[in-house]
file target.cif (mmCIF, C-alpha atoms)
data_query
#
loop_
_atom_site.label_atom_id
_atom_site.label_comp_id
_atom_site.auth_asym_id
_atom_site.auth_seq_id
_atom_site.Cartn_x
_atom_site.Cartn_y
_atom_site.Cartn_z
CA MET A 1 -6.97 29.85 33.43
CA GLU A 2 -10.76 29.76 33.49
CA PHE A 3 -10.66 29.52 37.30
CA LEU A 4 -9.45 33.16 37.38
CA GLN A 5 -12.87 34.19 36.08
CA SER A 6 -14.69 32.31 38.84
CA ALA A 7 -16.15 34.37 41.69
CA ASP A 8 -15.71 31.38 44.03
CA PHE A 9 -11.96 31.38 43.33
CA TRP A 10 -11.51 35.05 44.28
CA ILE A 11 -13.76 34.73 47.33
CA GLY A 12 -11.73 31.71 48.48
CA LEU A 13 -8.46 33.58 47.89
CA VAL A 14 -9.64 36.53 49.97
CA LYS A 15 -10.72 34.14 52.73
CA ILE A 16 -7.31 32.43 52.87
CA VAL A 17 -5.38 35.73 52.91
CA TRP A 18 -7.67 37.10 55.63
CA ILE A 19 -7.36 33.94 57.72
CA ASN A 20 -3.57 34.20 57.49
CA ILE A 21 -3.63 37.87 58.54
CA ILE A 22 -5.66 36.95 61.63
CA LEU A 23 -3.77 33.79 62.55
CA SER A 24 -0.20 34.82 61.69
CA GLY A 25 0.29 37.21 64.61
CA ASP A 26 1.79 34.59 66.91
CA ASN A 27 3.95 33.26 64.08
CA ALA A 28 5.33 36.75 63.45
CA VAL A 29 6.28 36.96 67.14
CA VAL A 30 8.20 33.66 66.94
CA ILE A 31 10.03 34.78 63.80
CA ALA A 32 10.93 38.11 65.40
CA LEU A 33 12.21 36.45 68.59
CA ALA A 34 14.35 33.99 66.62
CA ALA A 35 15.75 36.61 64.22
CA ARG A 36 16.43 39.08 67.03
CA SER A 37 19.50 37.08 68.12
CA LEU A 38 21.16 37.63 64.73
CA PRO A 39 23.40 40.46 63.55
CA PRO A 40 21.30 43.22 61.92
CA GLU A 41 22.48 42.35 58.39
CA GLN A 42 21.24 38.75 58.78
CA GLN A 43 17.87 39.52 60.35
CA ARG A 44 16.17 40.20 57.02
CA LYS A 45 17.52 36.95 55.57
CA ALA A 46 16.22 34.96 58.54
CA VAL A 47 12.80 36.60 58.32
CA PHE A 48 12.56 36.05 54.55
CA TRP A 49 13.81 32.46 54.42
CA GLY A 50 12.06 31.47 57.63
CA SER A 51 8.72 32.90 56.48
CA GLY A 52 9.00 31.48 52.96
CA ALA A 53 9.98 27.99 54.08
CA ALA A 54 7.28 28.05 56.78
CA VAL A 55 4.60 28.82 54.18
CA VAL A 56 5.81 25.91 51.99
CA LEU A 57 5.57 23.65 55.03
CA ARG A 58 2.06 24.91 55.68
CA VAL A 59 0.99 23.90 52.17
CA LEU A 60 2.35 20.39 52.72
CA LEU A 61 0.90 20.23 56.22
CA THR A 62 -2.56 21.28 55.06
CA VAL A 63 -2.82 18.18 52.87
CA VAL A 64 -2.43 15.86 55.87
CA ALA A 65 -3.48 18.15 58.74
CA ALA A 66 -6.84 16.51 59.40
CA LYS A 67 -5.24 13.06 59.72
CA LEU A 68 -2.37 14.37 61.84
CA LEU A 69 -4.67 16.11 64.31
CA ALA A 70 -6.54 12.84 64.81
CA LEU A 71 -3.40 11.16 66.19
CA SER A 72 -3.40 10.93 69.98
CA PHE A 73 -0.65 12.76 71.87
CA LEU A 74 0.73 14.46 68.73
CA GLN A 75 -0.35 17.88 70.00
CA VAL A 76 1.01 17.05 73.46
CA VAL A 77 4.43 16.42 71.93
CA GLY A 78 4.12 19.53 69.76
CA GLY A 79 3.07 21.65 72.73
CA CYS A 80 6.04 20.45 74.80
CA LEU A 81 8.32 21.28 71.88
CA LEU A 82 6.86 24.79 71.76
CA LEU A 83 7.45 25.20 75.50
CA TRP A 84 11.11 24.33 74.97
CA ILE A 85 11.40 26.75 72.02
CA GLY A 86 9.81 29.57 74.03
CA PHE A 87 12.11 28.85 76.97
CA GLN A 88 15.18 28.88 74.72
CA LEU A 89 14.20 32.09 72.96
CA LEU A 90 13.70 33.89 76.27
CA SER A 91 16.76 32.47 78.04
CA ASP A 92 18.97 33.32 75.05
CA SER A 93 17.85 36.96 75.04
CA ASP A 94 20.10 38.40 77.75
CA GLU A 95 19.05 41.88 76.67
CA ASP A 96 22.72 42.82 76.35
CA GLU A 97 23.46 45.70 74.07
CA GLY A 98 26.46 46.99 72.20
CA GLU A 99 29.65 44.99 71.83
CA SER A 100 28.80 42.64 74.70
CA ARG A 101 25.77 41.27 72.89
CA THR A 102 26.16 37.69 71.58
CA TYR A 103 24.67 36.66 68.25
CA GLY A 104 23.24 33.36 67.06
CA SER A 105 23.54 31.72 63.64
CA LEU A 106 21.29 32.23 60.64
CA MET A 107 20.60 28.50 60.19
CA ALA A 108 19.73 28.07 63.87
CA ALA A 109 17.23 30.94 63.66
CA VAL A 110 15.62 29.58 60.48
CA ARG A 111 15.43 26.09 62.04
CA THR A 112 13.72 27.50 65.14
CA ILE A 113 11.24 29.42 62.96
CA LEU A 114 10.39 26.31 60.94
CA VAL A 115 9.84 24.02 63.93
CA ALA A 116 7.79 26.58 65.88
CA ASP A 117 5.67 27.55 62.87
CA LEU A 118 5.03 23.89 62.06
CA VAL A 119 3.67 23.20 65.55
CA MET A 120 1.71 26.46 65.83
CA SER A 121 0.12 25.94 62.42
CA LEU A 122 -1.46 22.55 63.19
CA ASP A 123 -4.83 24.08 64.05
CA ASN A 124 -4.55 27.06 61.71
CA VAL A 125 -4.20 25.02 58.53
CA ILE A 126 -7.61 23.40 59.10
CA ALA A 127 -9.25 26.80 58.58
CA VAL A 128 -7.10 27.47 55.50
CA ALA A 129 -7.88 24.06 54.01
CA ALA A 130 -11.60 24.65 54.49
CA ALA A 131 -11.39 27.99 52.67
CA ALA A 132 -9.42 26.41 49.79
CA GLN A 133 -12.17 23.78 49.29
CA GLY A 134 -9.77 21.25 47.79
CA SER A 135 -8.09 23.66 45.33
CA THR A 136 -4.29 23.27 45.52
CA THR A 137 -3.82 26.33 43.28
CA LEU A 138 -5.95 28.45 45.59
CA LEU A 139 -4.12 27.11 48.64
CA ILE A 140 -0.64 27.86 47.28
CA LEU A 141 -1.62 31.31 45.97
CA GLY A 142 -3.28 32.34 49.22
CA LEU A 143 -0.37 31.24 51.39
CA ALA A 144 2.20 32.78 49.02
CA ILE A 145 0.43 36.14 49.19
CA SER A 146 0.57 35.90 52.99
CA ILE A 147 4.41 35.77 52.98
CA PRO A 148 4.92 39.56 52.72
CA LEU A 149 2.32 40.05 55.46
CA VAL A 150 4.23 37.78 57.84
CA VAL A 151 7.58 39.32 56.82
CA PHE A 152 6.27 42.84 57.46
CA GLY A 153 4.80 41.84 60.81
CA SER A 154 8.02 40.12 61.88
CA THR A 155 10.21 43.05 60.83
CA MET A 156 8.00 45.45 62.76
CA MET A 157 8.11 43.19 65.84
CA ILE A 158 11.94 43.10 65.75
CA LYS A 159 12.07 46.90 65.81
CA LEU A 160 9.55 47.05 68.66
CA MET A 161 11.51 44.45 70.64
CA GLU A 162 14.70 46.48 70.28
CA ARG A 163 12.92 49.59 71.54
CA PHE A 164 10.74 47.94 74.20
CA PRO A 165 12.52 44.84 75.67
CA VAL A 166 9.39 43.91 77.66
CA ILE A 167 7.84 42.75 74.35
CA VAL A 168 10.40 39.91 74.33
CA VAL A 169 8.92 38.61 77.58
CA LEU A 170 5.37 39.07 76.29
CA GLY A 171 6.28 37.25 73.08
CA ALA A 172 7.74 34.32 75.02
CA ALA A 173 4.60 34.26 77.17
CA LEU A 174 2.48 34.10 73.99
CA ILE A 175 4.47 31.08 72.78
CA GLY A 176 3.92 29.40 76.15
CA TRP A 177 0.19 30.22 75.99
CA VAL A 178 -0.13 28.67 72.51
CA ALA A 179 1.86 25.64 73.72
CA GLY A 180 -0.60 25.12 76.58
CA GLU A 181 -3.55 25.47 74.21
CA THR A 182 -1.96 22.97 71.82
CA ILE A 183 -1.51 20.40 74.58
CA ALA A 184 -5.08 20.88 75.85
CA GLY A 185 -6.42 20.47 72.31
CA ASP A 186 -5.00 16.96 71.87
CA THR A 187 -7.55 14.28 70.96
CA ALA A 188 -6.47 12.16 73.95
CA LEU A 189 -7.58 14.95 76.29
CA GLN A 190 -10.84 15.89 74.56
CA GLY A 191 -13.07 14.12 77.09
CA LEU A 192 -11.30 15.68 80.08
CA VAL A 193 -11.35 19.19 78.59
CA ALA A 194 -15.01 18.81 77.55
CA ALA A 195 -15.90 17.91 81.14
CA HIS A 196 -13.82 20.78 82.53
CA PRO A 197 -13.71 23.60 79.91
CA SER A 198 -11.62 25.82 82.18
CA LEU A 199 -8.70 23.38 81.77
CA HIS A 200 -8.10 24.86 78.32
CA TYR A 201 -7.28 28.25 79.81
CA VAL A 202 -5.49 26.76 82.82
CA ALA A 203 -3.16 24.83 80.50
CA ALA A 204 -2.54 27.95 78.40
CA ALA A 205 -1.77 30.07 81.47
CA LEU A 206 0.54 27.40 82.90
CA GLY A 207 2.39 27.25 79.58
CA ALA A 208 2.99 31.01 79.65
CA ILE A 209 4.13 30.87 83.30
CA LEU A 210 6.51 27.96 82.63
CA VAL A 211 8.18 29.68 79.69
CA VAL A 212 8.56 33.09 81.34
CA GLY A 213 9.43 31.74 84.78
CA GLY A 214 11.87 29.14 83.47
CA GLY A 215 13.49 31.57 81.05
CA LYS A 216 13.96 34.27 83.68
CA LEU A 217 15.37 31.76 86.18
CA TRP A 218 17.87 30.56 83.58
CA GLN A 219 18.85 34.16 82.84
CA ARG A 220 19.55 34.82 86.53
CA ARG A 221 21.67 31.69 86.88
CA ALA A 222 23.61 32.54 83.72
CA SER A 223 24.24 36.07 84.99
CA ARG A 224 25.48 34.81 88.37
CA ALA A 225 27.77 32.29 86.67
CA ALA A 226 29.19 35.05 84.45
CA VAL A 227 29.83 37.31 87.46
CA SER A 228 31.51 34.54 89.47
CA THR A 229 33.88 33.81 86.59
#
call {"tool": "encode", "arguments": {"input": "target.cif", "output": "structure tokens"}}
result
Amino acid sequence: MEFLQSADFWIGLVKIVWINIILSGDNAVVIALAARSLPPEQQRKAVFWGSGAAVVLRVLLTVVAAKLLALSFLQVVGGCLLLWIGFQLLSDSDEDEGESRTYGSLMAAVRTILVADLVMSLDNVIAVAAAAQGSTTLLILGLAISIPLVVFGSTMMIKLMERFPVIVVLGAALIGWVAGETIAGDTALQGLVAAHPSLHYVAAALGAILVVGGGKLWQRRASRAAVST
């Protein structure tokens, strides 16, 4: 327990918690979008279990993150997966209210949260690992403390989405933006992006447009199919 008396330990802990506060905004949006499709009594369970399991995955991911990010086309695959998740989350939110609203399953929501958080955390965990400076205890403590922060942020986002439906679209656009950034950050594309720095933002913007445009188009087709039947 001598490490508790070390100033470096407490400074590192503060760094990790602060990094997670800054970088967990997009993760909170994903959790809120996934949990929003559940009945109200299951939303808290999805947020809690999704956030907790995601943090455990982050600890495991941090150990091998540097090696994973060096693999060519891994971030391309992850970015495409995020695009699909964003598209699904938007196309599934028909913005129906009352008795006509359809609900998803708890396990499906938690699974979506885990997959999305895993992909979105690839870059984030590098910063966390650097702050931990090789201390597994510091890493686990810092990420564990961040759980209530993510839970609070997700719960607040769910309430805002219910009151302002446009936030659902903005949240899906954010997922698409991160997906585009993830693809552009792949090691196989480093030379191309270095030669044309604007491609980073072009890819991010295209990701947001694909998710929102594709999701809205799917919503329209689903609505027409429902009317015709």
call {"tool": "atom_distance", "arguments": {"input": "target.cif", "atom1": "atom CA of Ser154 of chain A", "atom2": "atom CA of Val47 of chain A"}}
result
6.9 Å
call {"tool": "closest_residue", "arguments": {"input": "target.cif", "among": "A:Thr62, A:Ser51, A:Ser72, A:Ser121", "to": "Ser135 of chain A", "atoms": "only C-alpha atoms"}}
result
A:Thr62
call {"tool": "residues_around", "arguments": {"input": "target.cif", "residues": "Ala28 of chain A", "least_positions_apart": "2", "cutoff": "6 Å", "atoms": "all atoms listed in the file", "output": "ChimeraX atom specification"}}
result
/A:25-26,30-31,150,153-154
call {"tool": "residues_around", "arguments": {"input": "target.cif", "residues": "segment 180-192 of chain A", "least_positions_apart": "5", "cutoff": "10 Å", "atoms": "all atoms listed in the file", "output": "number ranges by chain"}}
result
A: 69-80, 82-83, 119-120, 122-123, 174-175, 197, 199-208, 210
call {"tool": "residues_near_point", "arguments": {"input": "target.cif", "point": "(5.2, 29.0, 60.4)", "cutoff": "6 Å", "atoms": "all atoms listed in the file", "output": "short mmCIF file (atom, residue, chain, number, x, y, z; two decimals) with C-alpha atoms, in the coordinates of the input"}}
result
data_model
loop_
_atom_site.label_atom_id
_atom_site.label_comp_id
_atom_site.auth_asym_id
_atom_site.auth_seq_id
_atom_site.Cartn_x
_atom_site.Cartn_y
_atom_site.Cartn_z
CA ASN A 27 3.95 33.26 64.08
CA ALA A 54 7.28 28.05 56.78
CA LEU A 114 10.39 26.31 60.94
CA ASP A 117 5.67 27.55 62.87
CA LEU A 118 5.03 23.89 62.06
#
call {"tool": "closest_residue", "arguments": {"input": "target.cif", "among": "A:Val178, A:Val56, A:Leu38, A:Leu33", "to": "Ile145 of chain A", "atoms": "all atoms listed in the file"}}
result
A:Val56
call {"tool": "resolve_selection", "arguments": {"input": "target.cif", "expression": "the PyMOL selection byres ((chain A and resi 48) around 12)", "output": "PyMOL selection string"}}
result
chain A and resi 28+31-32+35+42-47+49-55+106+109-110+113-114+147-155
call {"tool": "residues_around", "arguments": {"input": "target.cif", "residues": "Leu143 of chain A", "least_positions_apart": "2", "cutoff": "8 Å", "atoms": "all atoms listed in the file", "output": "VMD selection string"}}
result
chain A and resid 16 to 17 20 55 59 139 to 141 145 to 147
call {"tool": "resolve_selection", "arguments": {"input": "target.cif", "expression": "the PyMOL selection byres ((chain A and resi 211) around 7)", "output": "mmCIF file with C-alpha atoms, keeping the file's coordinate frame"}}
result
data_model
loop_
_atom_site.group_PDB
_atom_site.id
_atom_site.type_symbol
_atom_site.label_atom_id
_atom_site.label_comp_id
_atom_site.auth_asym_id
_atom_site.auth_seq_id
_atom_site.Cartn_x
_atom_site.Cartn_y
_atom_site.Cartn_z
ATOM 1 C CA LEU A 83 7.450 25.200 75.500
ATOM 2 C CA GLY A 86 9.810 29.570 74.030
ATOM 3 C CA PHE A 87 12.110 28.850 76.970
ATOM 4 C CA ALA A 172 7.740 34.320 75.020
ATOM 5 C CA ALA A 173 4.600 34.260 77.170
ATOM 6 C CA GLY A 176 3.920 29.400 76.150
ATOM 7 C CA GLY A 207 2.390 27.250 79.580
ATOM 8 C CA ALA A 208 2.990 31.010 79.650
ATOM 9 C CA ILE A 209 4.130 30.870 83.300
ATOM 10 C CA LEU A 210 6.510 27.960 82.630
ATOM 11 C CA VAL A 212 8.560 33.090 81.340
ATOM 12 C CA GLY A 213 9.430 31.740 84.780
ATOM 13 C CA GLY A 214 11.870 29.140 83.470
ATOM 14 C CA GLY A 215 13.490 31.570 81.050
#
